[in-house]
$ cat final-v1.txt   # compact mmCIF, C-alpha atoms
# COMPACT_ATOMS: atom_id res chain seq x y z
CA MET A 1 6.90 -8.41 28.08
CA ILE A 2 7.86 -12.04 28.42
CA GLU A 3 10.28 -13.57 30.87
CA HIS A 4 12.11 -16.81 30.25
CA VAL A 5 12.47 -18.82 33.46
CA GLY A 6 14.10 -22.23 33.30
CA GLY A 7 13.17 -22.58 29.63
CA ALA A 8 9.50 -21.66 30.25
CA VAL A 9 7.91 -18.60 28.69
CA ILE A 10 5.94 -16.61 31.24
CA PRO A 11 3.80 -13.62 30.19
CA THR A 12 4.28 -10.79 32.67
CA GLY A 13 1.24 -8.71 31.76
CA PHE A 14 3.31 -5.76 30.60
CA ASP A 15 2.86 -6.22 26.88
CA VAL A 16 3.74 -3.07 24.99
CA PRO A 17 1.68 -2.15 21.93
CA VAL A 18 3.72 -2.41 18.76
CA GLU A 19 3.44 0.26 16.08
CA PRO A 20 2.95 -0.84 12.48
CA LEU A 21 5.95 -0.64 10.18
CA ARG A 22 5.72 2.65 8.24
CA ARG A 23 7.80 4.00 5.39
CA ALA A 24 7.27 6.77 2.86
CA ALA A 25 9.00 7.93 -0.30
CA HIS A 26 8.71 11.09 -2.38
CA TYR A 27 8.71 10.98 -6.19
CA THR A 28 9.05 13.82 -8.66
CA GLY A 29 7.41 12.16 -11.64
CA GLU A 30 10.67 11.78 -13.54
CA PRO A 31 11.01 8.70 -15.77
CA GLY A 32 11.65 5.59 -13.69
CA CYS A 33 9.63 6.71 -10.65
CA ILE A 34 7.05 3.95 -11.00
CA ALA A 35 9.76 1.28 -11.08
CA GLU A 36 11.45 2.94 -8.08
CA ALA A 37 8.12 2.87 -6.18
CA ARG A 38 7.72 -0.85 -6.90
CA SER A 39 11.28 -1.50 -5.70
CA PHE A 40 10.61 0.56 -2.56
CA ALA A 41 7.47 -1.51 -1.91
CA ALA A 42 9.31 -4.80 -2.48
CA HIS A 43 11.94 -3.75 0.06
CA PHE A 44 9.13 -2.81 2.49
CA VAL A 45 7.56 -6.27 2.09
CA GLY A 46 10.93 -7.83 2.88
CA ARG A 47 11.27 -5.73 6.04
CA LEU A 48 7.73 -6.69 7.06
CA ARG A 49 8.66 -10.35 6.71
CA THR A 50 11.74 -9.81 8.87
CA GLU A 51 10.49 -7.34 11.50
CA TRP A 52 6.90 -8.58 11.84
CA CYS A 53 7.47 -12.22 10.84
CA ALA A 54 4.71 -11.64 8.30
CA LYS A 55 3.92 -14.64 6.13
CA ILE A 56 3.63 -13.08 2.69
CA ASP A 57 3.59 -15.48 -0.22
CA ALA A 58 4.73 -14.54 -3.73
CA ARG A 59 1.18 -14.03 -5.00
CA ILE A 60 0.28 -11.56 -2.23
CA GLU A 61 3.57 -9.72 -2.75
CA ASP A 62 2.78 -9.43 -6.46
CA GLU A 63 -0.68 -8.07 -5.59
CA VAL A 64 0.83 -5.44 -3.29
CA LEU A 65 3.30 -4.40 -6.01
CA LEU A 66 0.48 -4.20 -8.57
CA VAL A 67 -1.56 -1.96 -6.25
CA VAL A 68 1.50 0.26 -5.79
CA SER A 69 2.03 0.39 -9.56
CA GLU A 70 -1.58 1.31 -10.28
CA LEU A 71 -1.87 4.01 -7.61
CA VAL A 72 1.52 5.55 -8.38
CA THR A 73 0.83 5.45 -12.13
CA ASN A 74 -2.48 7.28 -11.56
CA ALA A 75 -0.72 9.95 -9.47
CA ASP A 76 2.01 10.25 -12.09
CA ARG A 77 -0.46 10.69 -14.94
CA HIS A 78 -3.13 12.82 -13.32
CA SER A 79 -1.37 15.23 -10.97
CA ASN A 80 0.71 18.28 -11.78
CA GLY A 81 3.37 17.75 -9.22
CA PRO A 82 5.25 15.36 -7.04
CA TYR A 83 3.57 12.57 -5.13
CA ILE A 84 4.24 10.55 -2.00
CA LEU A 85 3.96 6.80 -1.54
CA GLU A 86 3.29 5.77 2.05
CA LEU A 87 3.27 2.15 3.20
CA GLU A 88 2.05 0.86 6.54
CA GLY A 89 2.02 -2.81 7.46
CA THR A 90 1.59 -5.46 10.09
CA ASP A 91 1.53 -9.23 9.89
CA THR A 92 -2.06 -9.12 8.57
CA SER A 93 -2.24 -6.25 6.06
CA ILE A 94 -0.44 -3.54 4.13
CA THR A 95 -1.98 -0.14 3.50
CA VAL A 96 -0.74 1.55 0.33
CA SER A 97 -1.43 5.31 0.27
CA VAL A 98 -0.51 7.74 -2.47
CA TYR A 99 -0.75 11.49 -1.94
CA ASP A 100 -0.73 13.81 -4.95
CA SER A 101 -1.38 17.47 -5.66
CA SER A 102 -4.53 17.06 -7.77
CA ALA A 103 -7.83 17.69 -6.01
CA ALA A 104 -9.70 15.76 -8.75
CA LEU A 105 -10.93 12.49 -7.30
CA PRO A 106 -10.33 9.36 -9.36
CA ARG A 107 -13.25 7.72 -11.11
CA ARG A 108 -13.90 4.01 -11.09
CA PHE A 109 -15.36 2.91 -14.39
CA PRO A 110 -17.64 -0.10 -14.79
CA ARG A 111 -16.08 -3.25 -16.18
CA ASP A 112 -15.69 -3.04 -19.92
CA PRO A 113 -13.28 -5.49 -21.58
CA GLU A 114 -13.40 -3.44 -24.78
CA ARG A 115 -12.26 -0.20 -23.10
CA VAL A 116 -8.59 0.58 -23.64
CA GLY A 117 -7.02 1.88 -20.43
CA ARG A 118 -8.64 3.29 -17.30
CA HIS A 119 -8.69 -0.10 -15.55
CA GLY A 120 -6.32 0.91 -12.70
CA LEU A 121 -8.85 1.63 -9.96
CA GLU A 122 -10.91 -1.36 -11.08
CA ILE A 123 -7.84 -3.58 -10.54
CA VAL A 124 -7.07 -1.99 -7.17
CA ASN A 125 -10.67 -2.56 -6.00
CA VAL A 126 -10.41 -6.26 -6.86
CA LEU A 127 -7.09 -6.73 -5.03
CA ALA A 128 -7.75 -4.62 -1.92
CA ARG A 129 -10.23 -5.31 0.85
CA GLN A 130 -10.79 -1.56 1.23
CA VAL A 131 -10.13 1.46 -0.98
CA THR A 132 -10.62 5.03 0.20
CA VAL A 133 -10.20 8.36 -1.51
CA GLU A 134 -10.13 11.63 0.37
CA ARG A 135 -9.15 15.21 -0.22
CA VAL A 136 -6.25 16.51 1.83
CA PRO A 137 -5.06 20.12 2.13
CA VAL A 138 -2.69 19.83 -0.83
CA GLY A 139 -4.67 17.46 -3.08
CA LYS A 140 -5.86 13.95 -2.36
CA ARG A 141 -4.92 10.62 -0.81
CA VAL A 142 -5.88 7.29 -2.32
CA SER A 143 -5.43 4.33 0.03
CA ALA A 144 -5.84 0.60 -0.48
CA VAL A 145 -5.64 -2.05 2.25
CA VAL A 146 -4.32 -5.39 1.02
CA SER A 147 -4.81 -8.44 3.25
CA LEU A 148 -1.76 -10.61 3.71
CA THR A 149 -3.86 -13.66 4.51
CA SER A 150 -6.15 -15.48 2.13
CA ALA A 151 -9.80 -14.84 2.75
$ encode --input "final-v1.txt" --output "structure tokens"
Amino acid sequence: MIEHVGGAVIPTGFDVPVEPLRRAAHYTGEPGCIAEARSFAAHFVGRLRTEWCAKIDARIEDEVLLVVSELVTNADRHSNGPYILELEGTDTSITVSVYDSSAALPRRFPRDPERVGRHGLEIVNVLARQVTVERVPVGKRVSAVVSLTSA
């Protein structure tokens, strides 16, 4: 907590930990879901700018939206049911997690410019500082942490 006394800012020692901004959305896999997920993520980035004063330039925002597109597209194509997009962010990073009902873990293929398709996880690994895949009770969760600051 901070007190303002005579124009001076005085820390009081009672700083309260702040929780990251978190939002989630459920998608059925109907046409248009991937575009809806991108729009949801763009709105989230805007809220992060406002609520966390996060400095997110256009390039980083595009990278976050591309990660969302790739992960949601994979869930849409490879699961037999609905999926959930979960976003968590602070002023330094955004974690994009997608839960789906398939227990099959995604495969990352080696770079091959002649291969048609199957570049999604390869792209996500380039854009994210960390990618994790884990089984959950109803399928799997794929998460990617995107830094909001240039490395």
$ atom_distance --input "final-v1.txt" --atom1 "CA of Glu70 (chain A)" --atom2 "CA of Leu121 (chain A)"
7.3 Å
$ residues_around --input "final-v1.txt" --residues "Arg77 (chain A)" --least-positions-apart "2" --cutoff "12 Å" --atoms "all atoms listed in the file" --output "ChimeraX atom specification"
/A:28-31,33-34,69-75,79-83,100-102,106,118,120
$ write_last_selection --input "final-v1.txt" --atoms "C-alpha atoms" --output "PDB file, keeping the file's coordinate frame"
ATOM      1  CA  THR A  28       9.050  13.820  -8.660  1.00  0.00           C
ATOM      2  CA  GLY A  29       7.410  12.160 -11.640  1.00  0.00           C
ATOM      3  CA  GLU A  30      10.670  11.780 -13.540  1.00  0.00           C
ATOM      4  CA  PRO A  31      11.010   8.700 -15.770  1.00  0.00           C
ATOM      5  CA  CYS A  33       9.630   6.710 -10.650  1.00  0.00           C
ATOM      6  CA  ILE A  34       7.050   3.950 -11.000  1.00  0.00           C
ATOM      7  CA  SER A  69       2.030   0.390  -9.560  1.00  0.00           C
ATOM      8  CA  GLU A  70      -1.580   1.310 -10.280  1.00  0.00           C
ATOM      9  CA  LEU A  71      -1.870   4.010  -7.610  1.00  0.00           C
ATOM     10  CA  VAL A  72       1.520   5.550  -8.380  1.00  0.00           C
ATOM     11  CA  THR A  73       0.830   5.450 -12.130  1.00  0.00           C
ATOM     12  CA  ASN A  74      -2.480   7.280 -11.560  1.00  0.00           C
ATOM     13  CA  ALA A  75      -0.720   9.950  -9.470  1.00  0.00           C
ATOM     14  CA  SER A  79      -1.370  15.230 -10.970  1.00  0.00           C
ATOM     15  CA  ASN A  80       0.710  18.280 -11.780  1.00  0.00           C
ATOM     16  CA  GLY A  81       3.370  17.750  -9.220  1.00  0.00           C
ATOM     17  CA  PRO A  82       5.250  15.360  -7.040  1.00  0.00           C
ATOM     18  CA  TYR A  83       3.570  12.570  -5.130  1.00  0.00           C
ATOM     19  CA  ASP A 100      -0.730  13.810  -4.950  1.00  0.00           C
ATOM     20  CA  SER A 101      -1.380  17.470  -5.660  1.00  0.00           C
ATOM     21  CA  SER A 102      -4.530  17.060  -7.770  1.00  0.00           C
ATOM     22  CA  PRO A 106     -10.330   9.360  -9.360  1.00  0.00           C
ATOM     23  CA  ARG A 118      -8.640   3.290 -17.300  1.00  0.00           C
ATOM     24  CA  GLY A 120      -6.320   0.910 -12.700  1.00  0.00           C
TER      25      GLY A 120
END
$ residues_around --input "final-v1.txt" --residues "Glu61 (chain A)" --least-positions-apart "3" --cutoff "12 Å" --atoms "only C-alpha atoms" --output "VMD selection string"
chain A and resid 38 to 39 41 to 46 48 to 49 54 to 58 64 to 68 93 to 94 127 146 to 149
$ atom_distance --input "final-v1.txt" --atom1 "CA of Arg135 (chain A)" --atom2 "CA of Tyr99 (chain A)"
9.3 Å
$ closest_residue --input "final-v1.txt" --among "A:Ala144, A:Thr90, A:Asp76, A:Glu19" --to "Arg47 (chain A)" --atoms "all atoms listed in the file"
A:Thr90
$ closest_residue --input "final-v1.txt" --among "A:Val98, A:Ala35, A:Arg115, A:Leu105" --to "Leu85 (chain A)" --atoms "only C-alpha atoms"
A:Val98
$ atom_distance --input "final-v1.txt" --atom1 "CA of Leu21 (chain A)" --atom2 "CA of Arg59 (chain A)"
20.8 Å
$ closest_residue --input "final-v1.txt" --among "A:Val116, A:Ile84, A:Ala24, A:Ala104" --to "Val133 (chain A)" --atoms "all atoms listed in the file"
A:Ala104
$ closest_residue --input "final-v1.txt" --among "A:Asp112, A:Phe40, A:Glu122, A:Thr132" --to "Thr95 (chain A)" --atoms "all atoms listed in the file"
A:Thr132
$ axis_aligned_box --input "final-v1.txt" --around "region 74-89 of chain A" --padding-each-side "5 Å" --output "JSON"
{"center_x": 1.1, "center_y": 7.7, "center_z": -3.7, "size_x": 18.4, "size_y": 31.1, "size_z": 32.4}
$ build_atoms --input "final-v1.txt" --residues "region 91-104 of chain A" --atoms "N, CA, C and O atoms" --output "PDB file, keeping the file's coordinate frame"
ATOM      1  N   ASP A  91       1.492  -7.857  10.379  1.00  0.00           N
ATOM      2  CA  ASP A  91       1.530  -9.230   9.890  1.00  0.00           C
ATOM      3  C   ASP A  91       0.227  -9.644   9.209  1.00  0.00           C
ATOM      4  O   ASP A  91       0.140 -10.737   8.663  1.00  0.00           O
ATOM      5  N   THR A  92      -0.782  -8.770   9.177  1.00  0.00           N
ATOM      6  CA  THR A  92      -2.060  -9.120   8.570  1.00  0.00           C
ATOM      7  C   THR A  92      -2.430  -8.296   7.341  1.00  0.00           C
ATOM      8  O   THR A  92      -3.239  -8.741   6.524  1.00  0.00           O
ATOM      9  N   SER A  93      -1.871  -7.088   7.200  1.00  0.00           N
ATOM     10  CA  SER A  93      -2.240  -6.250   6.060  1.00  0.00           C
ATOM     11  C   SER A  93      -1.187  -5.190   5.779  1.00  0.00           C
ATOM     12  O   SER A  93      -0.373  -4.858   6.635  1.00  0.00           O
ATOM     13  N   ILE A  94      -1.251  -4.682   4.543  1.00  0.00           N
ATOM     14  CA  ILE A  94      -0.440  -3.540   4.130  1.00  0.00           C
ATOM     15  C   ILE A  94      -1.382  -2.495   3.573  1.00  0.00           C
ATOM     16  O   ILE A  94      -2.240  -2.808   2.744  1.00  0.00           O
ATOM     17  N   THR A  95      -1.220  -1.254   4.052  1.00  0.00           N
ATOM     18  CA  THR A  95      -1.980  -0.140   3.500  1.00  0.00           C
ATOM     19  C   THR A  95      -1.045   0.651   2.588  1.00  0.00           C
ATOM     20  O   THR A  95       0.024   1.087   3.007  1.00  0.00           O
ATOM     21  N   VAL A  96      -1.472   0.793   1.333  1.00  0.00           N
ATOM     22  CA  VAL A  96      -0.740   1.550   0.330  1.00  0.00           C
ATOM     23  C   VAL A  96      -1.476   2.870   0.154  1.00  0.00           C
ATOM     24  O   VAL A  96      -2.646   2.873  -0.217  1.00  0.00           O
ATOM     25  N   SER A  97      -0.812   3.986   0.447  1.00  0.00           N
ATOM     26  CA  SER A  97      -1.430   5.310   0.270  1.00  0.00           C
ATOM     27  C   SER A  97      -0.562   6.138  -0.650  1.00  0.00           C
ATOM     28  O   SER A  97       0.662   6.144  -0.527  1.00  0.00           O
ATOM     29  N   VAL A  98      -1.224   6.839  -1.569  1.00  0.00           N
ATOM     30  CA  VAL A  98      -0.510   7.740  -2.470  1.00  0.00           C
ATOM     31  C   VAL A  98      -1.154   9.113  -2.346  1.00  0.00           C
ATOM     32  O   VAL A  98      -2.376   9.253  -2.490  1.00  0.00           O
ATOM     33  N   TYR A  99      -0.331  10.098  -2.036  1.00  0.00           N
ATOM     34  CA  TYR A  99      -0.750  11.490  -1.940  1.00  0.00           C
ATOM     35  C   TYR A  99      -0.289  12.193  -3.208  1.00  0.00           C
ATOM     36  O   TYR A  99       0.865  12.030  -3.612  1.00  0.00           O
ATOM     37  N   ASP A 100      -1.165  12.984  -3.828  1.00  0.00           N
ATOM     38  CA  ASP A 100      -0.730  13.810  -4.950  1.00  0.00           C
ATOM     39  C   ASP A 100      -1.379  15.173  -4.870  1.00  0.00           C
ATOM     40  O   ASP A 100      -2.243  15.412  -4.040  1.00  0.00           O
ATOM     41  N   SER A 101      -0.961  16.075  -5.749  1.00  0.00           N
ATOM     42  CA  SER A 101      -1.380  17.470  -5.660  1.00  0.00           C
ATOM     43  C   SER A 101      -2.688  17.780  -6.382  1.00  0.00           C
ATOM     44  O   SER A 101      -3.175  18.898  -6.300  1.00  0.00           O
ATOM     45  N   SER A 102      -3.277  16.819  -7.055  1.00  0.00           N
ATOM     46  CA  SER A 102      -4.530  17.060  -7.770  1.00  0.00           C
ATOM     47  C   SER A 102      -5.720  16.860  -6.833  1.00  0.00           C
ATOM     48  O   SER A 102      -5.818  15.842  -6.152  1.00  0.00           O
ATOM     49  N   ALA A 103      -6.622  17.813  -6.839  1.00  0.00           N
ATOM     50  CA  ALA A 103      -7.830  17.690  -6.010  1.00  0.00           C
ATOM     51  C   ALA A 103      -8.906  16.865  -6.712  1.00  0.00           C
ATOM     52  O   ALA A 103      -9.898  16.484  -6.097  1.00  0.00           O
ATOM     53  N   ALA A 104      -8.719  16.561  -8.000  1.00  0.00           N
ATOM     54  CA  ALA A 104      -9.700  15.760  -8.750  1.00  0.00           C
ATOM     55  C   ALA A 104      -9.679  14.328  -8.240  1.00  0.00           C
ATOM     56  O   ALA A 104      -8.630  13.678  -8.221  1.00  0.00           O
TER      57      ALA A 104
END
